[in-house]
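Step one of this worksheet: look at the structure below.
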Amino acid sequence: MSLKRLVALCAVFALAAIGVYGLTHAEQPDDTMTPAPDPFSDGDFCGTQEIWEQRYPGAMETTGRACPINGQCDVAATRDASVPAPGAGPLIFRLKFNVFREDDGSNRAAGPNVIELQMDHLRADFAPYGIDFVHEIEYIDDTDYRYLEFSEEFGMKTTYADTPDSQCNVYVVEAPVNWGTFPWDPNATLAMGGVVMHEGSFGFEQSTLTHELGHNFGLWHTHHGVDEVTPCGVCYELPDGSNGDVAGDFCSDTRPTPTNNSCSPPLATDDCTGDPWLDPPTDNYMDYSGDFCWTEFTTQQWGRIYCWVAQELIGWVQLEFSADLDTAEGSLTTNLSYDTPLTASAWKWYFGDGDSSMVENPTHTFGPGLYDVRLEATTTGGTMTRTKNSFIAVWADTFTATETSVQANSPGVVEIYGTNAVPLEEVVLPITMTNVLDKFFLDSISFAGTRLGYFESREIVFNNKFSGQLAVRARADAGGGSPPLEPGSGLMARVYFRSKINSVPGDTSYVSVGQLGSYTIESTTLSTSFAPVFNGATIRVANPPCACPWQADFDENGLLDAVDLNNEINALFFSGSNPQDPACPTTRADVNNDNTPDAVDLNLLIDHIFFNGDAPCDPCDPVSGSCGS
């Protein structure tokens with residue numbers, strides 16, 4: 001015997017000794033259990049009933065004139081009152097798939113694709129009844145339980161059951177048969193609850209899991225009142241269904257039937273009355289007809305499911321709530337609603353901003369920020385609790401570009417400052433710059449040294465710099481786990497540009513954001529995306545600090561061209577006019593500012609006009625003021 005088996009066996013005796021199973025419906029269970037029927041023999045793919053009887057030997061015994069019930073959900077009036085109203089929101093259950101593999105991780109009972117296909121089929125089966133599921137998967141490397149015997153159920157479940165009070169554990173293994181746990185079983189939400197699925201009954205286009213979860217949700221087999229009770233006794237369901245509300249599966253809209261593994265009605269007649277079986281429910285998921293026949297639950301089965309869930313399985317239900325609006329700019333007043341289709345008697349909302357409410361569907365106003373909203377709803381079966389993180393996002397985010405001056409033919413930078421009220425995971429910045437044909441050039445956008453500088457991903461997503469258009473997207477987490485940008489203010493980005501050689505004092509360009517391809521300005525928080533306000537800025541080409549705007553510009557038109565060259569020649573060689581601007585220390589013909597107009601000045605002007613040479617040096621500029629010396 002392995003150490004694990006020894007520990008499990010000791011645990012069985014220890015639990016039995018202290019009375020862990022406080023049964024209310026039957027005798028103390030036999031956790032070792034005798035073997036159930038041979039796997040899948042004669043179509044017997046489900047061991048739920050047999051295992052229930054073995055675990056609680058007295059559970060099916062009847063006394064008196066009425067079939068015993070396991071709770072108020074077996075009462076027809078309670079069952080019918082539990083059928084949800086039309087249009088009710090979905091009842092969502094949490095499932096945990098425990099998929100077994102060999103000790104070395106090989107030979108898994110089901111892969112992720114198979115599980116997803118099974119989930120798609122399961123959800124489709126239950127969708128008409130307002131029931132949905134969320135799930136998670138864990139692969140467990142344990143060869144012993146990968147091939148499960150009935151006697152090993154206790155060891156497997158007590159070792160690997162994961163929070164059975166808050167989710168239904170589904171064990172996928174190679175097992176003799178499939179089996180679930182009735183909700184009236186005291187173990188239903190303890191370690192010994194859940195569902196065991198044979199790997200061959202699990203996957204694409206298979207509804208065996210639907211059948212087993214039907215048991216977990218409170219449904220008997222449709223043949224329960226014929227083949228799983230004392231023949232012709234008080235729990236025996238008559239062929240005409242006249243006692244269907246108080247015997248058999250306690251659903252009068254599922255006609256009684258003997259065990260039937262076919263889509264066709266059984267040919268036999270009732271041994272107790274001699275009457276034929278009328279319209280047996282071969283299309284019902286709780287029949288034994290199988291995947292090709294199964295299509296429905298009945299209305300009364302639906303009521304039993306909701307009733308037993310409300311009474312015993314409330315911890316498996318994922319509480320649902322919603323808000324009319326969950327994102328806005330500046331301020332948000334919204335109506336919050338309890339959306340779970342189970343009757344609650346009390347509610348407690350926590351809005352995440354310090355306020356709370358005990359109203360079922362409150363109205364609340366949120367200021368700028370990102371809020372986790374929590375709801376506690378109390379039902380007859382217990383309290384459901386759920387927190388939706390980052391559920392409400394109210395943004396008041398602003399990006400502001402700085403006004404900037406630049407000299408002609410010089411580089412410059414526009415700094416963009418931002419204030420964000422919510423944590424940011426991603427920012428898209430599509431910058432546009434005007435007047436780029438011959439005056440300005442958009443060079444780049446940088447986040448280095450800014451609040452976004454730690455973002456792991458920075459990529460150019462649109463590039464038409466020659467038209468003054470450049471879009472960059474920055475992401476906080478690109479696989480390295482960097483956190484979102486916390487709310488705050490500061491430098492967010494820099495836009496680098498250059499004024500062209502033909503720019504002159506007074507030229508301007510406007511920096512803003514716009515639609516570039518499919519990209520607009522966008523900030524993405526943990527729960528939503530939105531467009532922050534962007535305040536643009538003007539770039540101006542400024543006069544030099546010591547303005548000599550007309551140096552070598554004889555005709556004062558702001559350009560140095562052939563007319564000025566002709567005037568330079570006239571001033572040097574033909575006694576032409578050589579005026580001096582009052583703001584400049586030299587005459588206009590003195591291009592190099594050495595106080596001697598001569599051929600050197602002529603060459604400099606020719607080089608500038610025709611060969612892109614340097615412009616005339618400004619003698620008043622503190623950097624180049626000594627250019628003539």
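Here's how to read the names in the structure tokens: chain A, B, ... by the order shown, residue numbers from 1 in each chain, ligand numbers from 1 in the order shown.
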All residues 8 Å or closer to Ala537 of chain A, only C-alpha atoms, same chain fewer than 2 positions away omitted, as a ChimeraX atom specification: /A:400-404,510-512,535,539
Contact residues around Phe126 of chain A with only C-alpha atoms at 12 Å, ignoring same-chain residues under 5 positions, as a ChimeraX atom specification: /A:90-93,119-121,131-133,207,209-211,213-214,217,285,294-298,301-302,305
Using only C-alpha atoms: which of A:Tyr454, A:Tyr160, A:Phe447, A:Phe399 has the shortest distance to Val513 of chain A: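 Result for the nearest residue to Val513 of chain A: A:Phe399.
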Nearby residues (only C-alpha atoms) at most 10 Å from Glu116 of chain A, same-chain spacing under 6 positions excluded, as a PyMOL selection string: chain A and resi 122+135+203-204
Would you tabulate, counting only C-alpha atoms, all residues of segment 69-136 of chain A that have an atom at most 8 Å from an atom of segment 239-259 of chain A, showing the closest pair of atoms and their distance in Å to one decimal, sorted by chain then ascending number, as JSON lines?
```
{"residue": "A:Asp74", "atom": "CA", "partner": "A:Phe250", "partner_atom": "CA", "distance": 6.2}
{"residue": "A:Val75", "atom": "CA", "partner": "A:Val246", "partner_atom": "CA", "distance": 7.5}
{"residue": "A:Ala76", "atom": "CA", "partner": "A:Asp245", "partner_atom": "CA", "distance": 5.9}
```
Please produce a file of those selected residues containing N, CA, C and O atoms, as a compact mmCIF listing (two decimals), in the first residue's frame.
```txt
# COMPACT_ATOMS: atom_id res chain seq x y z
N ASP A 74 -38.88 19.17 -3.14
CA ASP A 74 -39.63 18.01 -3.63
C ASP A 74 -41.13 18.25 -3.57
O ASP A 74 -41.91 17.39 -4.02
N VAL A 75 -41.54 19.38 -3.04
CA VAL A 75 -42.96 19.73 -2.97
C VAL A 75 -43.33 20.48 -4.25
O VAL A 75 -42.68 21.45 -4.63
N ALA A 76 -44.39 20.04 -4.92
CA ALA A 76 -44.73 20.58 -6.24
C ALA A 76 -44.92 22.09 -6.22
O ALA A 76 -44.47 22.80 -7.13
```
Asp601 of chain A environment, 7 Å, only C-alpha atoms, sequence neighbours closer than 6 positions dropped, as a ChimeraX atom specification: /A:590-592
Nearest candidate to Phe462 of chain A (options A:Gly506, A:Pro532, A:Gly517, A:Pro176; using only C-alpha atoms): A:Gly517
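Residues in contact with Arg451 of chain A at up to 8 Å, not including ones fewer than 5 positions away on its chain and judged by only C-alpha atoms, are Leu485, Gly490, Leu491 and Met492 of chain A.
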Alpha helix (DSSP H) call set, DSSP backbone run, segment 75-258 of chain A, as a PyMOL selection string: chain A and resi 76-81+112-126+143-146+153-160+208-216+224-227
Surrounding residues of Val173 of chain A excluding itself and chain neighbours under 4 positions, 8 Å, only C-alpha atoms, as a list of chain:residue names: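 The residues satisfying every condition are A:Val99, A:Phe100, A:Ala109, A:Tyr145, A:Arg146, A:Tyr147, A:Leu148, A:Val196, A:Met197, A:His198, A:Glu199.
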Shell of 10 Å around Glu312 of chain A, only C-alpha atoms, local chain residues under 4 positions omitted, as a ChimeraX atom specification: /A:182-186,188-189,217-218,307-308,316,380-382
Å distance separating atom CA of Gln118 of chain A from atom CA of Asn169 of chain A, one decimal place: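 Pair atom CA of Gln118 of chain A / atom CA of Asn169 of chain A returns 15.1 Å.
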